[in-house]
$ cat structure13.txt   # compact mmCIF, C-alpha atoms and all ligand atoms
# COMPACT_ATOMS: atom_id res chain seq x y z
CA MET I 1 25.52 -62.77 -24.09
CA GLN I 2 26.19 -60.23 -21.37
CA THR I 3 28.17 -60.43 -18.12
CA SER I 4 27.04 -58.72 -14.93
CA LEU I 5 28.96 -57.97 -11.74
CA ILE I 6 27.47 -59.13 -8.45
CA LEU I 7 28.77 -58.59 -4.91
CA LEU I 8 27.34 -60.82 -2.20
CA LYS I 9 27.30 -58.45 0.77
CA PRO I 10 28.32 -59.12 4.41
CA ASP I 11 24.75 -60.06 5.45
CA CYS I 12 24.75 -62.77 2.78
CA VAL I 13 28.23 -64.04 3.70
CA THR I 14 27.83 -63.99 7.49
CA GLY I 15 24.22 -65.18 7.23
CA ARG I 16 25.47 -68.26 5.37
CA LYS I 17 23.35 -67.62 2.30
CA VAL I 18 26.15 -67.58 -0.29
CA GLY I 19 25.25 -71.06 -1.58
CA GLU I 20 21.51 -70.30 -1.69
CA VAL I 21 22.04 -67.10 -3.66
CA ILE I 22 24.52 -68.57 -6.13
CA LYS I 23 22.07 -71.48 -6.59
CA ARG I 24 19.41 -69.00 -7.76
CA PHE I 25 21.75 -67.64 -10.44
CA GLU I 26 22.76 -71.12 -11.57
CA GLU I 27 19.16 -72.32 -11.69
CA ALA I 28 18.29 -69.29 -13.82
CA GLY I 29 20.85 -70.55 -16.34
CA PHE I 30 23.68 -68.11 -15.76
CA GLN I 31 27.29 -69.16 -16.24
CA ILE I 32 29.75 -68.25 -13.49
CA ARG I 33 32.69 -66.55 -15.21
CA GLY I 34 34.34 -65.27 -12.05
CA CYS I 35 34.01 -65.97 -8.32
CA LYS I 36 36.16 -64.82 -5.38
CA LEU I 37 36.09 -63.84 -1.70
CA PHE I 38 37.78 -60.56 -0.81
CA ARG I 39 37.64 -57.48 1.42
CA LEU I 40 36.58 -54.12 0.01
CA SER I 41 39.03 -51.24 0.54
CA SER I 42 37.77 -47.74 1.35
CA GLU I 43 39.22 -46.57 -1.97
CA ILE I 44 37.24 -49.06 -4.04
CA LEU I 45 34.04 -48.35 -2.07
CA ASN I 46 34.44 -44.60 -2.57
CA GLU I 47 34.67 -45.29 -6.30
CA HIS I 48 31.88 -47.87 -6.41
CA TYR I 49 29.41 -45.79 -4.39
CA ALA I 50 30.57 -42.36 -5.67
CA HIS I 51 26.94 -41.54 -6.59
CA LEU I 52 26.06 -41.82 -2.86
CA ALA I 53 29.13 -40.07 -1.37
CA SER I 54 27.19 -36.97 -0.30
CA LYS I 55 24.39 -38.93 1.43
CA PRO I 56 24.26 -38.96 5.23
CA PHE I 57 24.14 -42.77 5.27
CA PHE I 58 27.33 -43.14 3.19
CA PRO I 59 29.67 -43.87 6.18
CA GLU I 60 27.21 -46.51 7.37
CA ILE I 61 27.27 -48.22 3.96
CA VAL I 62 31.08 -48.23 3.95
CA ALA I 63 31.21 -49.71 7.48
CA PHE I 64 28.63 -52.35 6.54
CA MET I 65 30.39 -53.31 3.32
CA GLN I 66 33.71 -53.67 5.19
CA SER I 67 32.28 -55.65 8.11
CA SER I 68 33.22 -58.99 6.48
CA PRO I 69 34.66 -60.19 3.18
CA VAL I 70 32.28 -60.13 0.21
CA VAL I 71 31.91 -62.59 -2.67
CA GLY I 72 32.43 -61.14 -6.12
CA LEU I 73 30.67 -62.94 -8.97
CA ALA I 74 30.74 -62.39 -12.70
CA VAL I 75 27.74 -64.12 -14.25
CA ALA I 76 26.99 -64.42 -17.95
CA GLY I 77 23.79 -64.99 -19.86
CA ASP I 78 21.36 -63.35 -22.26
CA ASN I 79 20.31 -59.95 -20.96
CA ALA I 80 22.21 -60.72 -17.74
CA VAL I 81 22.17 -57.19 -16.28
CA ASP I 82 18.38 -56.85 -16.26
CA ARG I 83 17.66 -60.48 -15.44
CA VAL I 84 19.98 -60.48 -12.43
CA ARG I 85 18.35 -57.28 -11.10
CA THR I 86 14.93 -58.90 -11.54
CA LEU I 87 16.06 -61.96 -9.56
CA LEU I 88 17.34 -59.63 -6.80
CA GLY I 89 14.24 -57.47 -6.50
CA PRO I 90 14.19 -53.76 -5.59
CA THR I 91 16.91 -52.08 -3.47
CA ASP I 92 14.68 -51.94 -0.39
CA SER I 93 14.32 -55.54 0.78
CA LYS I 94 11.11 -54.62 2.61
CA LYS I 95 9.51 -53.74 -0.73
CA ALA I 96 10.82 -56.86 -2.48
CA ASP I 97 8.38 -59.66 -3.32
CA LYS I 98 8.80 -63.11 -1.79
CA GLY I 99 10.56 -65.29 -4.32
CA THR I 100 13.12 -62.59 -5.10
CA ILE I 101 16.54 -62.85 -3.45
CA ARG I 102 16.08 -59.65 -1.43
CA GLY I 103 12.47 -60.52 -0.63
CA ASP I 104 13.53 -63.88 0.77
CA PHE I 105 16.83 -63.01 2.48
CA GLY I 106 17.15 -59.21 2.78
CA VAL I 107 16.43 -57.07 5.86
CA ASP I 108 16.13 -53.46 4.66
CA VAL I 109 17.49 -50.97 2.13
CA MET I 110 21.14 -51.29 3.22
CA VAL I 111 21.21 -54.88 4.41
CA ASN I 112 20.00 -56.19 1.06
CA VAL I 113 22.07 -59.32 0.28
CA ALA I 114 23.74 -58.33 -2.98
CA HIS I 115 24.82 -55.60 -5.34
CA ALA I 116 24.31 -56.07 -9.08
CA SER I 117 25.25 -53.84 -12.01
CA ASP I 118 22.37 -51.65 -13.17
CA SER I 119 23.32 -51.11 -16.84
CA ALA I 120 25.48 -52.72 -19.51
CA GLU I 121 27.82 -49.72 -19.33
CA ASN I 122 28.19 -50.00 -15.54
CA ALA I 123 28.66 -53.78 -15.77
CA GLU I 124 31.75 -53.23 -17.92
CA ILE I 125 33.13 -50.64 -15.50
CA GLU I 126 32.36 -52.75 -12.42
CA LEU I 127 33.79 -55.98 -13.87
CA LYS I 128 37.08 -54.12 -14.44
CA ARG I 129 36.84 -52.61 -10.95
CA PHE I 130 36.59 -55.95 -9.15
CA PHE I 131 38.14 -58.57 -11.47
CA LYS I 132 41.48 -58.79 -13.21
CA ASP I 133 41.36 -60.06 -16.83
CA GLU I 134 42.85 -63.40 -15.77
CA GLU I 135 40.13 -63.87 -13.12
CA LEU I 136 37.35 -63.93 -15.74
CA PHE I 137 36.95 -67.17 -17.66
CA ASP I 138 35.42 -68.13 -21.02
CA TYR I 139 34.54 -71.80 -21.26
CA ALA I 140 32.00 -74.21 -22.75
CA MET I 141 29.26 -75.64 -20.54
CA SER I 142 30.25 -79.16 -21.66
CA TYR I 143 28.99 -81.44 -18.91
CA THR I 144 25.77 -81.92 -17.04
CA THR I 145 25.26 -83.49 -13.62
CA LYS I 146 22.69 -85.96 -12.38
CA PRO I 147 19.38 -84.21 -11.77
P1 LIG V 201 21.76 -47.79 -5.08
O1 LIG V 201 22.88 -47.74 -6.06
O2 LIG V 201 20.74 -46.68 -5.08
O3 LIG V 201 20.92 -49.15 -5.20
P2 LIG V 201 21.29 -50.61 -5.79
O4 LIG V 201 22.26 -51.25 -4.85
O5 LIG V 201 19.99 -51.36 -5.81
O6 LIG V 201 21.84 -50.40 -7.16
O7 LIG V 201 22.36 -47.85 -3.61
C1 LIG V 201 23.52 -48.57 -3.34
C2 LIG V 201 23.45 -49.14 -1.95
O8 LIG V 201 23.42 -48.09 -1.00
C3 LIG V 201 22.20 -49.96 -1.68
O9 LIG V 201 22.31 -51.28 -2.15
C4 LIG V 201 22.11 -49.86 -0.20
C5 LIG V 201 22.64 -48.49 0.12
N1 LIG V 201 21.55 -47.51 0.35
C6 LIG V 201 21.16 -47.22 1.64
O10 LIG V 201 21.71 -47.78 2.61
N2 LIG V 201 20.15 -46.32 1.84
C7 LIG V 201 19.50 -45.70 0.81
O11 LIG V 201 18.59 -44.89 1.05
C8 LIG V 201 19.92 -46.01 -0.54
C9 LIG V 201 19.25 -45.35 -1.74
C10 LIG V 201 20.95 -46.91 -0.72

$ encode --input "structure13.txt" --output "structure tokens" --more "lines below"
Ligand code: TYD
Amino acid sequence: MQTSLILLKPDCVTGRKVGEVIKRFEEAGFQIRGCKLFRLSSEILNEHYAHLASKPFFPEIVAFMQSSPVVGLAVAGDNAVDRVRTLLGPTDSKKADKGTIRGDFGVDVMVNVAHASDSAENAEIELKRFFKDEELFDYAMSYTTKP
């Protein structure tokens, strides 16, 4: 079992696709271990996108990511990091196949619905960055619902 960190970006939140996107993760069998709505500070974005800080489009990313609250998700499952990235599709929504989250809902490379951790190592760092210990839950999937 692995847990991955997902951020549903402002296009997803303001485009009213939060439910649709979470539904994809649930239908793929992931367990939601953490879920919250919050605003991203400049400090946390500088840390999170440090690898892009020197790029000319960096200020645009920061403005976009702060344009509305985001939804943070911690989802668990076998091989969660890679499987979540596969469900999302490539960074550039225009290159993403239909049937992937970015292919179905994304606009371009920046307006691309969601962030997801890209390695097990980064997932651990990013989960700590966005969730306190007490905001991540371990529990049994005891009940099922009507189909
Ligand atoms: P990156 O970490 O390369 O991709 P991913 O989110 O798929 O892990 O880039 C982080 C975000 O930066 C990306 O989701 C959108 C934005 N971005 C741009 O706006 N333009 C670009 O050319 C790139 C590479 C990223």

$ residues_near_ligand --input "structure13.txt" --ligand "ligand LIG 201 (chain V)" --cutoff "9 Å" --atoms "all atoms listed in the file" --output "VMD selection string"
chain I and resid 48 to 49 51 to 52 55 57 to 58 60 to 61 85 88 to 92 108 to 118

$ atom_distance --input "structure13.txt" --atom1 "atom CA of I:Ala120" --atom2 "atom CA of I:Leu73"
15.6 Å

$ closest_residue --input "structure13.txt" --among "I:Asp104, I:Asp82, I:Lys94, I:Ala63" --to "I:Asn122" --atoms "only C-alpha atoms"
I:Asp82

$ residues_around --input "structure13.txt" --residues "stretch 16-31 of chain I" --least-positions-apart "4" --cutoff "7 Å" --atoms "only C-alpha atoms" --output "list in words"
Cys12, Val75, Ala76, Gly77 and Ile101 of chain I

$ write_last_selection --input "structure13.txt" --atoms "C-alpha atoms" --output "JSON list (two decimals), in the coordinates of the input"
[["chain", "number", "residue", "atom", "x", "y", "z"],
["I", 12, "CYS", "CA", 24.75, -62.77, 2.78],
["I", 75, "VAL", "CA", 27.74, -64.12, -14.25],
["I", 76, "ALA", "CA", 26.99, -64.42, -17.95],
["I", 77, "GLY", "CA", 23.79, -64.99, -19.86],
["I", 101, "ILE", "CA", 16.54, -62.85, -3.45]]

$ closest_residue --input "structure13.txt" --among "I:Cys35, I:Ser42, I:Ser142, I:Ile6" --to "I:Pro59" --atoms "all atoms listed in the file"
I:Ser42
